[in-house]
Structures are given as structure tokens and as C-alpha cells.
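Have a look at final-v8.csv; it's CSV, C-alpha atoms:
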```csv
chain,number,residue,atom,x,y,z
A,56,MET,CA,89.8,147.1,93.6
A,57,GLU,CA,87.2,146.1,91.1
A,58,LEU,CA,85.7,142.7,90.4
A,59,HIS,CA,86.9,142.6,86.8
A,60,GLN,CA,90.5,143.3,88.1
A,61,LEU,CA,90.3,140.4,90.5
A,62,GLU,CA,89.0,138.1,87.8
A,63,ALA,CA,91.8,139.2,85.5
A,64,PHE,CA,94.3,138.5,88.3
A,65,SER,CA,92.9,135.0,89.0
A,66,ALA,CA,92.8,134.2,85.3
A,67,VAL,CA,96.5,135.2,84.8
A,68,MET,CA,97.5,133.1,87.8
A,69,SER,CA,95.7,130.1,86.3
A,70,ALA,CA,96.8,130.5,82.7
A,71,GLY,CA,100.3,131.7,83.3
A,72,SER,CA,100.1,134.4,80.6
A,73,ILE,CA,98.2,137.5,79.7
A,74,THR,CA,97.2,135.9,76.4
A,75,GLY,CA,95.9,132.8,78.1
A,76,ALA,CA,94.0,134.8,80.6
A,77,GLY,CA,92.3,136.8,77.9
A,78,ARG,CA,91.1,133.6,76.3
A,79,LEU,CA,89.7,132.3,79.6
A,80,LEU,CA,87.9,135.6,80.2
A,81,GLU,CA,87.0,136.3,76.5
A,82,ARG,CA,88.7,139.7,76.9
A,83,SER,CA,91.4,141.2,74.7
A,84,GLN,CA,95.1,141.0,75.8
A,85,PRO,CA,95.4,144.8,76.2
A,86,ALA,CA,92.2,144.8,78.4
A,87,VAL,CA,93.7,142.2,80.7
A,88,THR,CA,97.0,143.9,80.8
A,89,ARG,CA,95.3,147.2,81.8
A,90,GLN,CA,93.3,145.6,84.5
A,91,ILE,CA,96.3,144.0,86.0
A,92,GLN,CA,98.2,147.3,85.9
A,93,GLU,CA,95.3,149.0,87.6
A,94,LEU,CA,95.1,146.4,90.3
A,95,GLU,CA,98.9,146.7,91.0
A,96,ALA,CA,98.5,150.5,91.2
A,97,ASP,CA,95.7,150.1,93.7
A,98,LEU,CA,97.7,147.7,95.8
A,99,GLY,CA,101.0,149.5,95.6
A,100,TYR,CA,103.1,146.5,94.7
A,101,ALA,CA,103.8,144.3,91.7
A,102,LEU,CA,102.0,141.0,91.3
A,103,PHE,CA,103.9,139.7,88.3
A,104,ASN,CA,107.4,139.8,86.9
A,105,ARG,CA,107.2,140.3,83.1
A,106,ASN,CA,109.3,138.4,80.6
A,107,GLY,CA,107.8,139.0,77.1
A,108,PRO,CA,104.4,137.4,76.8
A,109,ARG,CA,105.0,135.3,79.9
A,110,VAL,CA,104.6,136.4,83.5
A,111,THR,CA,105.8,135.0,86.7
A,112,PRO,CA,103.8,135.6,89.9
A,113,THR,CA,105.6,137.3,92.8
A,114,HIS,CA,105.6,135.9,96.3
A,115,ARG,CA,102.9,138.5,97.2
A,116,ALA,CA,100.7,137.3,94.3
A,117,PHE,CA,100.6,133.8,95.7
A,118,LEU,CA,99.7,135.1,99.1
A,119,LEU,CA,96.9,137.2,97.6
A,120,TYR,CA,95.6,134.4,95.2
A,121,GLU,CA,94.1,132.2,97.9
A,122,GLU,CA,92.1,135.2,99.3
A,123,VAL,CA,90.9,136.3,95.8
A,124,GLU,CA,89.9,132.7,94.9
A,125,ARG,CA,87.9,132.4,98.1
A,126,SER,CA,86.1,135.7,97.4
A,127,LEU,CA,85.4,134.9,93.8
A,128,ILE,CA,84.0,131.4,94.8
A,129,GLY,CA,81.9,133.1,97.5
A,130,LEU,CA,80.5,135.6,95.0
A,131,LYS,CA,79.7,132.7,92.6
A,132,THR,CA,78.0,130.9,95.4
A,133,ILE,CA,75.9,133.9,96.3
A,134,GLU,CA,74.9,134.2,92.7
A,135,GLN,CA,73.9,130.6,92.5
A,136,ARG,CA,72.0,130.7,95.8
A,137,ALA,CA,70.2,133.9,94.7
A,138,ARG,CA,68.9,132.2,91.6
A,139,ALA,CA,68.0,129.0,93.5
A,140,ILE,CA,66.0,131.1,96.0
A,141,GLY,CA,64.0,132.5,93.1
A,142,LEU,CA,63.2,129.0,91.9
A,143,ASP,CA,62.4,127.8,95.5
A,144,GLU,CA,65.2,125.3,95.4
A,145,ALA,CA,66.7,123.7,98.5
A,146,GLU,CA,69.9,125.2,99.9
A,147,PRO,CA,73.0,123.2,99.0
A,148,LEU,CA,74.4,121.0,101.8
A,149,ARG,CA,78.1,121.9,102.1
A,150,VAL,CA,80.6,119.4,103.5
A,151,ALA,CA,84.3,120.1,104.1
A,152,ALA,CA,86.6,117.1,104.9
A,153,THR,CA,90.3,116.1,105.0
A,154,PRO,CA,91.3,114.3,101.7
A,155,ALA,CA,91.1,110.8,103.3
A,156,LEU,CA,87.6,111.3,104.7
A,157,ALA,CA,86.4,113.2,101.6
A,158,ALA,CA,87.4,110.3,99.4
A,159,SER,CA,86.0,107.5,101.5
A,160,ILE,CA,83.4,108.1,104.1
A,161,VAL,CA,81.6,111.2,102.8
A,162,PRO,CA,80.7,109.8,99.3
A,163,ARG,CA,79.4,106.6,100.9
A,164,ALA,CA,77.3,108.6,103.4
A,165,ILE,CA,75.8,110.8,100.7
A,166,ALA,CA,75.0,107.7,98.5
A,167,SER,CA,73.3,106.0,101.5
A,168,LEU,CA,71.0,108.9,102.4
A,169,PRO,CA,67.3,108.0,102.4
A,170,PRO,CA,65.1,110.0,100.0
A,171,LEU,CA,64.5,113.6,101.3
A,172,GLY,CA,61.4,115.6,100.8
A,173,HIS,CA,63.3,118.4,99.2
A,174,THR,CA,66.6,116.9,98.0
A,175,PRO,CA,69.4,119.3,98.3
A,176,GLN,CA,72.5,119.7,96.1
A,177,PHE,CA,75.7,118.6,97.8
A,178,GLN,CA,79.0,120.4,97.7
A,179,LEU,CA,82.1,118.6,99.0
A,180,ARG,CA,85.5,120.3,99.4
A,181,SER,CA,88.7,118.4,100.2
A,182,LEU,CA,90.9,120.6,102.5
A,183,SER,CA,93.6,120.4,105.1
A,184,ALA,CA,92.4,119.9,108.6
A,185,GLU,CA,93.1,123.5,109.5
A,186,HIS,CA,91.1,124.7,106.6
A,187,VAL,CA,88.2,122.3,107.4
A,188,VAL,CA,87.9,123.9,110.8
A,189,HIS,CA,88.0,127.4,109.2
A,190,GLU,CA,85.2,126.5,106.8
A,191,VAL,CA,82.9,125.3,109.6
A,192,LEU,CA,83.8,128.2,111.9
A,193,THR,CA,83.0,130.7,109.2
A,194,ARG,CA,79.8,128.8,108.3
A,195,THR,CA,80.8,128.2,104.7
A,196,ALA,CA,80.5,124.5,105.4
A,197,ASP,CA,77.5,122.8,107.2
A,198,ILE,CA,79.5,119.8,108.3
A,199,GLY,CA,83.2,119.1,108.8
A,200,LEU,CA,85.1,115.9,109.1
A,201,VAL,CA,88.5,116.6,110.5
A,202,THR,CA,91.3,114.8,112.3
A,203,LEU,CA,92.2,115.6,115.9
A,204,PRO,CA,93.0,117.8,117.6
A,205,ILE,CA,89.9,119.9,117.2
A,206,GLY,CA,89.4,121.7,120.5
A,207,HIS,CA,88.3,124.9,119.0
A,208,ALA,CA,85.7,127.2,120.5
A,209,GLY,CA,82.7,127.6,118.2
A,210,LEU,CA,82.6,124.0,117.1
A,211,ASP,CA,80.0,121.4,118.1
A,212,ILE,CA,81.7,118.0,118.1
A,213,HIS,CA,79.1,115.3,117.5
A,214,TRP,CA,81.4,112.3,118.1
A,215,ILE,CA,85.0,111.2,117.7
A,216,ALA,CA,86.0,108.1,115.8
A,217,GLU,CA,89.0,105.9,116.7
A,218,ALA,CA,90.3,103.2,114.5
A,219,PRO,CA,93.8,101.7,114.0
A,220,CYS,CA,96.0,102.6,111.1
A,221,VAL,CA,96.9,100.0,108.5
A,222,ALA,CA,99.9,99.1,106.3
A,223,LEU,CA,99.6,98.7,102.6
A,224,VAL,CA,102.1,96.8,100.4
A,225,GLN,CA,102.2,95.7,96.8
A,226,SER,CA,100.0,92.6,96.4
A,227,GLY,CA,103.0,90.5,95.4
A,228,ASP,CA,105.0,91.4,98.5
A,229,PRO,CA,105.7,88.6,101.0
A,230,LEU,CA,104.2,90.8,103.7
A,231,ALA,CA,100.8,90.7,101.9
A,232,THR,CA,100.4,87.0,102.9
A,233,GLN,CA,100.8,87.7,106.6
A,234,PRO,CA,97.7,88.1,108.8
A,235,SER,CA,99.3,91.2,110.3
A,236,ILE,CA,102.5,93.2,109.9
A,237,ALA,CA,104.9,93.7,112.8
A,238,LEU,CA,106.8,97.0,113.1
A,239,ARG,CA,110.0,95.0,113.4
A,240,ASP,CA,109.3,93.6,109.9
A,241,LEU,CA,109.6,97.1,108.6
A,242,ALA,CA,113.0,97.9,110.1
A,243,ASP,CA,114.7,97.4,106.7
A,244,ARG,CA,111.8,98.7,104.6
A,245,ARG,CA,111.3,102.1,103.1
A,246,ILE,CA,108.3,103.7,104.7
A,247,VAL,CA,105.7,106.0,102.9
A,248,THR,CA,103.4,108.0,105.1
A,249,VAL,CA,101.8,111.3,105.9
A,250,ALA,CA,103.5,114.5,106.8
A,251,ASN,CA,101.4,116.5,109.3
A,252,ARG,CA,103.4,116.1,112.5
A,253,PHE,CA,100.8,117.6,114.8
A,254,ARG,CA,98.1,115.1,113.9
A,255,LEU,CA,98.5,111.5,112.8
A,256,ARG,CA,102.2,111.5,111.9
A,257,HIS,CA,103.4,112.1,115.5
A,258,ARG,CA,101.6,108.9,116.6
A,259,ILE,CA,103.2,106.9,113.8
A,260,ASP,CA,106.7,108.2,114.7
A,261,ALA,CA,106.0,107.5,118.4
A,262,ALA,CA,105.1,103.9,117.7
A,263,PHE,CA,108.4,103.3,115.8
A,264,ALA,CA,110.4,105.1,118.5
A,265,ALA,CA,108.8,103.0,121.2
A,266,ALA,CA,109.7,99.8,119.3
A,267,ARG,CA,113.3,101.1,119.0
A,268,ILE,CA,113.0,101.1,115.3
A,269,SER,CA,114.5,103.8,113.2
A,270,ALA,CA,111.9,104.2,110.4
A,271,ASP,CA,113.3,104.9,107.0
A,272,VAL,CA,110.7,107.4,105.9
A,273,PHE,CA,111.4,107.4,102.2
A,274,LEU,CA,108.5,109.5,101.2
A,275,GLU,CA,106.1,111.7,103.2
A,276,THR,CA,103.1,113.3,101.6
A,277,ASN,CA,100.1,115.5,102.6
A,278,ALA,CA,97.5,113.0,101.4
A,279,SER,CA,97.2,109.4,102.4
A,280,LEU,CA,96.0,108.4,98.9
A,281,ASN,CA,99.4,109.5,97.6
A,282,ALA,CA,101.1,107.2,100.0
A,283,VAL,CA,98.9,104.3,98.9
A,284,MET,CA,99.7,104.9,95.3
A,285,ALA,CA,103.4,105.1,96.1
A,286,ALA,CA,103.1,101.7,97.8
A,287,ARG,CA,101.3,100.3,94.7
A,288,ALA,CA,104.2,101.6,92.6
A,289,GLY,CA,106.7,99.8,94.8
A,290,ALA,CA,108.2,102.9,96.5
A,291,GLY,CA,107.7,101.4,100.0
A,292,VAL,CA,105.3,100.3,102.6
A,293,ALA,CA,102.5,102.8,103.2
A,294,ILE,CA,101.3,103.4,106.8
A,295,VAL,CA,98.1,105.3,106.5
A,296,ASP,CA,94.7,106.0,108.2
A,297,PRO,CA,92.1,103.2,107.9
A,298,ALA,CA,89.6,105.4,106.0
A,299,THR,CA,92.1,105.4,103.0
A,300,GLY,CA,93.6,102.0,103.6
A,301,LEU,CA,90.3,100.2,103.9
A,302,GLY,CA,87.8,102.5,102.3
A,303,LEU,CA,89.4,102.9,98.9
A,304,SER,CA,89.6,99.7,96.9
A,305,ILE,CA,92.8,100.0,94.9
A,306,GLU,CA,94.0,97.2,92.7
A,307,GLY,CA,97.6,96.1,93.2
A,308,VAL,CA,97.9,96.9,97.0
A,309,THR,CA,96.9,94.8,100.0
A,310,ALA,CA,96.0,96.3,103.4
A,311,ARG,CA,97.1,94.5,106.5
A,312,PRO,CA,96.7,95.4,110.2
A,313,LEU,CA,99.7,96.4,112.2
A,314,ASP,CA,100.7,94.4,115.4
A,315,CYS,CA,101.0,97.8,117.2
A,316,ALA,CA,97.8,99.8,117.3
A,317,ILE,CA,98.4,103.3,116.0
A,318,PRO,CA,95.1,105.1,116.5
A,319,PHE,CA,93.6,107.4,113.9
A,320,PHE,CA,91.1,109.9,115.3
A,321,PHE,CA,88.7,112.1,113.5
A,322,GLY,CA,85.6,114.1,114.6
A,323,VAL,CA,82.4,115.2,112.9
A,324,VAL,CA,81.7,118.9,113.6
A,325,THR,CA,79.2,121.6,112.9
A,326,SER,CA,79.1,125.3,113.8
A,327,ALA,CA,78.1,125.9,117.5
A,328,GLY,CA,74.8,127.7,118.0
A,329,LYS,CA,73.7,127.4,114.4
A,330,PRO,CA,70.3,125.8,113.9
A,331,ARG,CA,70.6,122.7,111.7
A,332,ARG,CA,68.4,121.8,108.8
A,333,ALA,CA,66.7,118.4,108.6
A,334,ALA,CA,69.0,117.5,105.7
A,335,VAL,CA,72.1,118.2,107.8
A,336,ASP,CA,70.9,116.0,110.6
A,337,ALA,CA,70.1,113.3,108.0
A,338,LEU,CA,73.6,113.4,106.6
A,339,LEU,CA,75.2,113.4,110.1
A,340,GLN,CA,73.3,110.1,110.8
A,341,SER,CA,74.4,108.7,107.4
A,342,ILE,CA,78.1,109.7,108.1
A,343,GLU,CA,77.9,107.8,111.4
A,344,HIS,CA,76.5,104.7,109.7
A,345,ALA,CA,79.1,104.9,106.9
A,346,THR,CA,81.9,105.2,109.5
A,347,ARG,CA,80.7,102.1,111.4
A,348,GLU,CA,80.3,100.2,108.1
A,349,LEU,CA,83.6,101.1,106.6
A,350,LEU,CA,86.0,101.0,109.6
A,351,GLU,CA,86.2,97.6,111.2
A,352,GLY,CA,86.5,97.8,114.9
A,353,VAL,CA,85.9,101.6,115.0
A,354,VAL,CA,85.0,103.1,118.4
A,355,LEU,CA,82.9,106.3,118.5
A,356,HIS,CA,83.7,108.4,121.5
A,357,PRO,CA,81.5,111.1,122.9
A,358,ALA,CA,82.6,114.7,122.2
A,359,GLN,CA,83.6,115.4,125.8
A,360,GLN,CA,86.4,112.7,125.5
A,361,HIS,CA,88.4,114.9,123.1
A,362,ASP,CA,91.1,116.1,125.6
A,363,ALA,CA,91.1,112.7,127.5
A,364,LEU,CA,91.8,110.8,124.2
A,365,LEU,CA,94.8,113.0,123.4
A,366,GLN,CA,96.1,112.8,127.0
A,367,ARG,CA,95.7,109.0,126.8
A,368,GLU,CA,97.8,108.8,123.7
A,369,THR,CA,100.5,110.9,125.3
A,370,ARG,CA,100.6,108.6,128.3
A,371,VAL,CA,100.7,105.5,126.0
A,372,SER,CA,103.5,106.9,123.9
A,373,ARG,CA,105.6,107.7,127.0
A,374,ALA,CA,104.9,104.2,128.5
A,375,ARG,CA,105.9,102.5,125.2
A,376,THR,CA,109.1,104.5,125.1
A,377,LYS,CA,110.0,103.5,128.7
A,378,HIS,CA,108.9,99.8,128.3
A,379,PRO,CA,109.4,98.9,124.6
A,380,GLU,CA,109.2,95.2,125.5
A,381,HIS,CA,105.5,95.5,126.0
A,382,THR,CA,104.7,97.1,122.6
A,383,ALA,CA,104.5,93.8,120.6
```

Turn this file's structure into C-alpha cells for me.
Amino acid sequence: MELHQLEAFSAVMSAGSITGAGRLLERSQPAVTRQIQELEADLGYALFNRNGPRVTPTHRAFLLYEEVERSLIGLKTIEQRARAIGLDEAEPLRVAATPALAASIVPRAIASLPPLGHTPQFQLRSLSAEHVVHEVLTRTADIGLVTLPIGHAGLDIHWIAEAPCVALVQSGDPLATQPSIALRDLADRRIVTVANRFRLRHRIDAAFAAARISADVFLETNASLNAVMAARAGAGVAIVDPATGLGLSIEGVTARPLDCAIPFFFGVVTSAGKPRRAAVDALLQSIEHATRELLEGVVLHPAQQHDALLQRETRVSRARTKHPEHTA
């Protein structure tokens, strides 16, 4: 495989046509066609189904695309870093975070950094929790902010934040005038929330189950911000993490605490055994400050409490299910 072939493949995936890819790459259509054909011959399978000037990616093309994009971005990063070294510029500080944390806590932390002697460039990537862990483990990110569980070998957990989830409703909703919202008040409401069942979602489901309420989950999404915007549009009541619910000021919705504490956990991690630059340590401190400032009532647990926190939540969920009268 040649670099120009991979670039042609990536461009066709983005543009949806050979002609469009040629415009993106400033190459002729026959040249792009030839490069795709050569790549398919090297791989031994088709990447696109042809229909005149249009092409449709095959299932294998989508599987390959993520790897190709990661490689091309990596090569671009190497090129940029090589040029920066020649100019004696500081190495970029790379942060990977789940969407909720990337949109709320990280920007506030970066903006609050004190002046550094050699100010670095920052790179922030919003990824799924699993991909954040991968970025830190492979050392393509200096810092990761990721929801629990994160008991992976090769990670240094600096601390674990715990703060209760919140509900968001349209500002004109009667629930918006209440000091807090009881789960029983949501029994006849459409619920909008997150979808990852191995992280926050299972605690939300457990809280409703313990209260003997069959939640009408009208919309589930992979990003809390989507849930908030759905609530703003009137699609339902959003139950989301506090970083999104409290950290993003969105007109037209009102955040209210729930009468039942549904904990949101996230940790700040770096790669184990990797020496840290002063700029990384400075940002770690700023992230901690931003977390305390943004999340009212947040508790920061030491890293060694990771397993105990998850076990505690399992015990609480079981107790609530057995004794729902004590959940209010």
C-alpha cells in the first residue's frame, strides 16, 4: 500500500464520489480511480460498489477507514511535530475526553491555566470512553478524562470525581419551578438519556427500577449534549451527567437536582510510567480546579478507591431494589 492510495481512499470516503475526491486532492479523476483500483488489488477485496460516477463503500471499507484515518492523522502529526522541532517550538499538549467532559471541564481548565514559560499548543479530541483509554494507553494523548470503569493496566489514575446527575426540562415546564425533581414525577414523562449501558446508563436504569418506576425512555443517545438539546426541543426530560447539565449554559432549558442521587463518576488519567512535562502537570491541576468550580458538591476520591466505588454502587442498587421505600 502506498500513501497516495490511502489518501485517495480517505478522500473518496469523505466526498462520496471519485470526482469529489479528485477535487479534494487536486488530482484527476482517472488518477484517483487508478489509485483506488491499485489499493483494492493490493488488499484483495473491493472497497466500493460502483454505480456510474457514484460509489458506495462496502462494509470492509468502513472497517478500514478508521484505521486509515488514524494513520493519516498520525503522519500529519509527525510532520507538524518535525517542523516544530526545527523551530524549537513546544510539543503540543494532547487531551482526549468523553464528549461531556471535552465540552465543559477541559475548555475551562485550559482557559484558566496560568502563563507558562513555553506555552504549548493544545489538541483536544472528543471520543468515546473506550477510545479515550486507547489514546492514553498508546500515548497519543497526554491526559484523558474518562467515565468509570477505568481499571486498565497501564493507566495512572490521578483522582476520581463523583457528582450527582441532574434533570433538564424546558424552561416553561412546571417541573422547572420545583427545587428538585422526584423520580416519581417522571413516571408519566418521556425520558431522554445516554445509551452506554456499561457506564452511566446502568445507574440511571437501576435508580428507576429501585423506585419501581418503568421509565419511558423515548430517546437514547451517545452524547449528553444531544439529550439536553432534545429536552430543549420538548422531546422529553433529559437525565444527564452534571458536567453537561451544569457546565453548559443552554438557553431554554433548566437544570434541577434529582431527589435520588444517581452518581456520575469520571477519572483523570495519564500513561503509567511516562515522565510528565511541567505543562501536563499544570493542566492536571487546572482540570482539578475546574472540576471543583463547575460541579457543585463534587467529591474527589483517591485513585485506589476505583473498585470500591463500583462495588459500593452495586450494593446500593441491590439495596434500593430490595427496599424501594428508602429511595426517596

Exercise. Hey, which of A:Met68, A:Ile317, A:Leu301, A:Leu238 ends up closest to Asn104 (chain A)? Count all atoms listed in the file.
Worked result: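 Of all the options, A:Met68 lies closest to Asn104 (chain A).
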
Problem set entry | Polymer residues at most 12 Å from region 358-368 of chain A, only C-alpha atoms, same-chain spacing of 4 or more positions, as a PyMOL selection string | chain A and resi 202-207+210-217+253-255+257-259+261-262+316-324+354+372-375

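Each of A:Ala76, A:Val150, A:Ala70, A:Asp197 was compared to Leu179 (chain A) using only C-alpha atoms, and A:Val150 turns out to be the nearest.
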
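The space between CA of Gly129 (chain A) and CA of Glu62 (chain A) spans 13.0 Å.
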
Exercise. What is the CA of Ala158 (chain A) to CA of Leu182 (chain A) distance in Å?
Worked result: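 Between CA of Ala158 (chain A) and CA of Leu182 (chain A) the gap works out to 11.3 Å.
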
Exercise. With only C-alpha atoms as the basis for distance, which of A:Ile246, A:Leu303, A:Leu148, A:Ala288 is at the shortest distance from Ala334 (chain A)?
Worked result: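 With only C-alpha atoms as the atom set, the closest residue is A:Leu148.
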
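Closest to Leu119 (chain A) among A:Ala242, A:Leu168, A:Ala155, A:Leu61 is A:Leu61, based on all atoms listed in the file.
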
Problem set entry | Nearest candidate to Glu122 (chain A) (options A:Pro162, A:Phe64, A:Ala278, A:Gly209; using all atoms listed in the file) |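 That would be A:Phe64, the residue with the smallest distance to Glu122 (chain A).
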
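Proximity ranking of A:Glu93, A:Glu351, A:Glu124, A:Glu81 relative to Ala218 (chain A) places A:Glu351 first, based on all atoms listed in the file.
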
For this session: Mind giving me the straight-line distance from CA of Gly227 (chain A) to CA of Gly291 (chain A) in Å, one decimal?
Result: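 Separation of CA of Gly227 (chain A) and CA of Gly291 (chain A): 12.7 Å.
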
For this session: Mind checking which residues fall within 12 Å of Ala157 (chain A), counting only C-alpha atoms, ignoring those fewer than 2 positions away in the same chain, and posting them as a VMD selection string?
Result: chain A and resid 150 to 155 159 to 165 178 to 184 187 198 to 202 278 to 280 298 to 299 302 to 303 342

Problem set entry | Selection: 12 Å around His59 (chain A), all atoms listed in the file, excl. self and same-chain fewer than 4 positions, as a PyMOL selection string | chain A and resi 63-66+77+80+82+86-91+93-94+123+127

Could you write region 235-260 of chain A as a short mmCIF file (atom, residue, chain, number, x, y, z; two decimals), keeping the file's coordinate frame, with N, CA and C atoms rebuilt where they are missing?
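And here's rebuild.cif as it stands now:
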```
data_model
loop_
_atom_site.label_atom_id
_atom_site.label_comp_id
_atom_site.auth_asym_id
_atom_site.auth_seq_id
_atom_site.Cartn_x
_atom_site.Cartn_y
_atom_site.Cartn_z
N SER A 235 99.01 89.86 109.81
CA SER A 235 99.30 91.20 110.30
C SER A 235 100.78 91.49 110.07
N ILE A 236 101.14 92.77 110.13
CA ILE A 236 102.50 93.20 109.90
C ILE A 236 103.09 93.76 111.18
N ALA A 237 104.22 93.20 111.62
CA ALA A 237 104.90 93.70 112.80
C ALA A 237 105.79 94.88 112.44
N LEU A 238 105.89 95.83 113.33
CA LEU A 238 106.80 97.00 113.10
C LEU A 238 108.20 96.52 112.84
N ARG A 239 108.61 95.47 113.55
CA ARG A 239 110.00 95.00 113.40
C ARG A 239 110.23 94.48 111.95
N ASP A 240 109.15 94.04 111.27
CA ASP A 240 109.30 93.60 109.90
C ASP A 240 109.55 94.74 108.94
N LEU A 241 109.37 95.97 109.42
CA LEU A 241 109.60 97.10 108.60
C LEU A 241 110.87 97.86 108.86
N ALA A 242 111.70 97.25 109.71
CA ALA A 242 113.00 97.90 110.10
C ALA A 242 113.86 98.15 108.89
N ASP A 243 113.84 97.26 107.92
CA ASP A 243 114.70 97.40 106.70
C ASP A 243 113.91 97.79 105.50
N ARG A 244 112.69 98.28 105.71
CA ARG A 244 111.80 98.70 104.60
C ARG A 244 111.74 100.20 104.49
N ARG A 245 111.54 100.67 103.27
CA ARG A 245 111.30 102.10 103.10
C ARG A 245 109.80 102.35 103.43
N ILE A 246 109.58 103.40 104.19
CA ILE A 246 108.30 103.70 104.70
C ILE A 246 107.72 104.93 103.91
N VAL A 247 106.46 104.86 103.56
CA VAL A 247 105.70 106.00 102.90
C VAL A 247 104.59 106.35 103.84
N THR A 248 104.48 107.62 104.20
CA THR A 248 103.40 108.00 105.10
C THR A 248 103.10 109.47 105.03
N VAL A 249 102.24 109.94 105.95
CA VAL A 249 101.80 111.30 105.90
C VAL A 249 102.73 112.25 106.61
N ALA A 250 102.52 113.56 106.40
CA ALA A 250 103.50 114.50 106.80
C ALA A 250 103.10 115.43 107.97
N ASN A 251 101.82 115.52 108.30
CA ASN A 251 101.40 116.50 109.30
C ASN A 251 101.76 116.00 110.70
N ARG A 252 102.80 116.59 111.26
CA ARG A 252 103.40 116.10 112.50
C ARG A 252 102.57 116.42 113.75
N PHE A 253 101.60 117.29 113.64
CA PHE A 253 100.80 117.60 114.80
C PHE A 253 99.49 116.83 114.84
N ARG A 254 99.30 115.91 113.89
CA ARG A 254 98.10 115.10 113.90
C ARG A 254 98.50 113.62 113.87
N LEU A 255 98.25 112.90 112.80
CA LEU A 255 98.50 111.50 112.80
C LEU A 255 99.99 111.14 112.82
N ARG A 256 100.79 111.91 112.12
CA ARG A 256 102.20 111.50 111.90
C ARG A 256 102.95 111.35 113.25
N HIS A 257 102.66 112.18 114.25
CA HIS A 257 103.40 112.10 115.50
C HIS A 257 103.14 110.74 116.20
N ARG A 258 101.92 110.18 116.00
CA ARG A 258 101.60 108.90 116.60
C ARG A 258 102.34 107.75 115.88
N ILE A 259 102.48 107.90 114.56
CA ILE A 259 103.20 106.90 113.80
C ILE A 259 104.70 106.93 114.22
N ASP A 260 105.28 108.12 114.31
CA ASP A 260 106.70 108.20 114.70
C ASP A 260 106.87 107.69 116.13
#
```
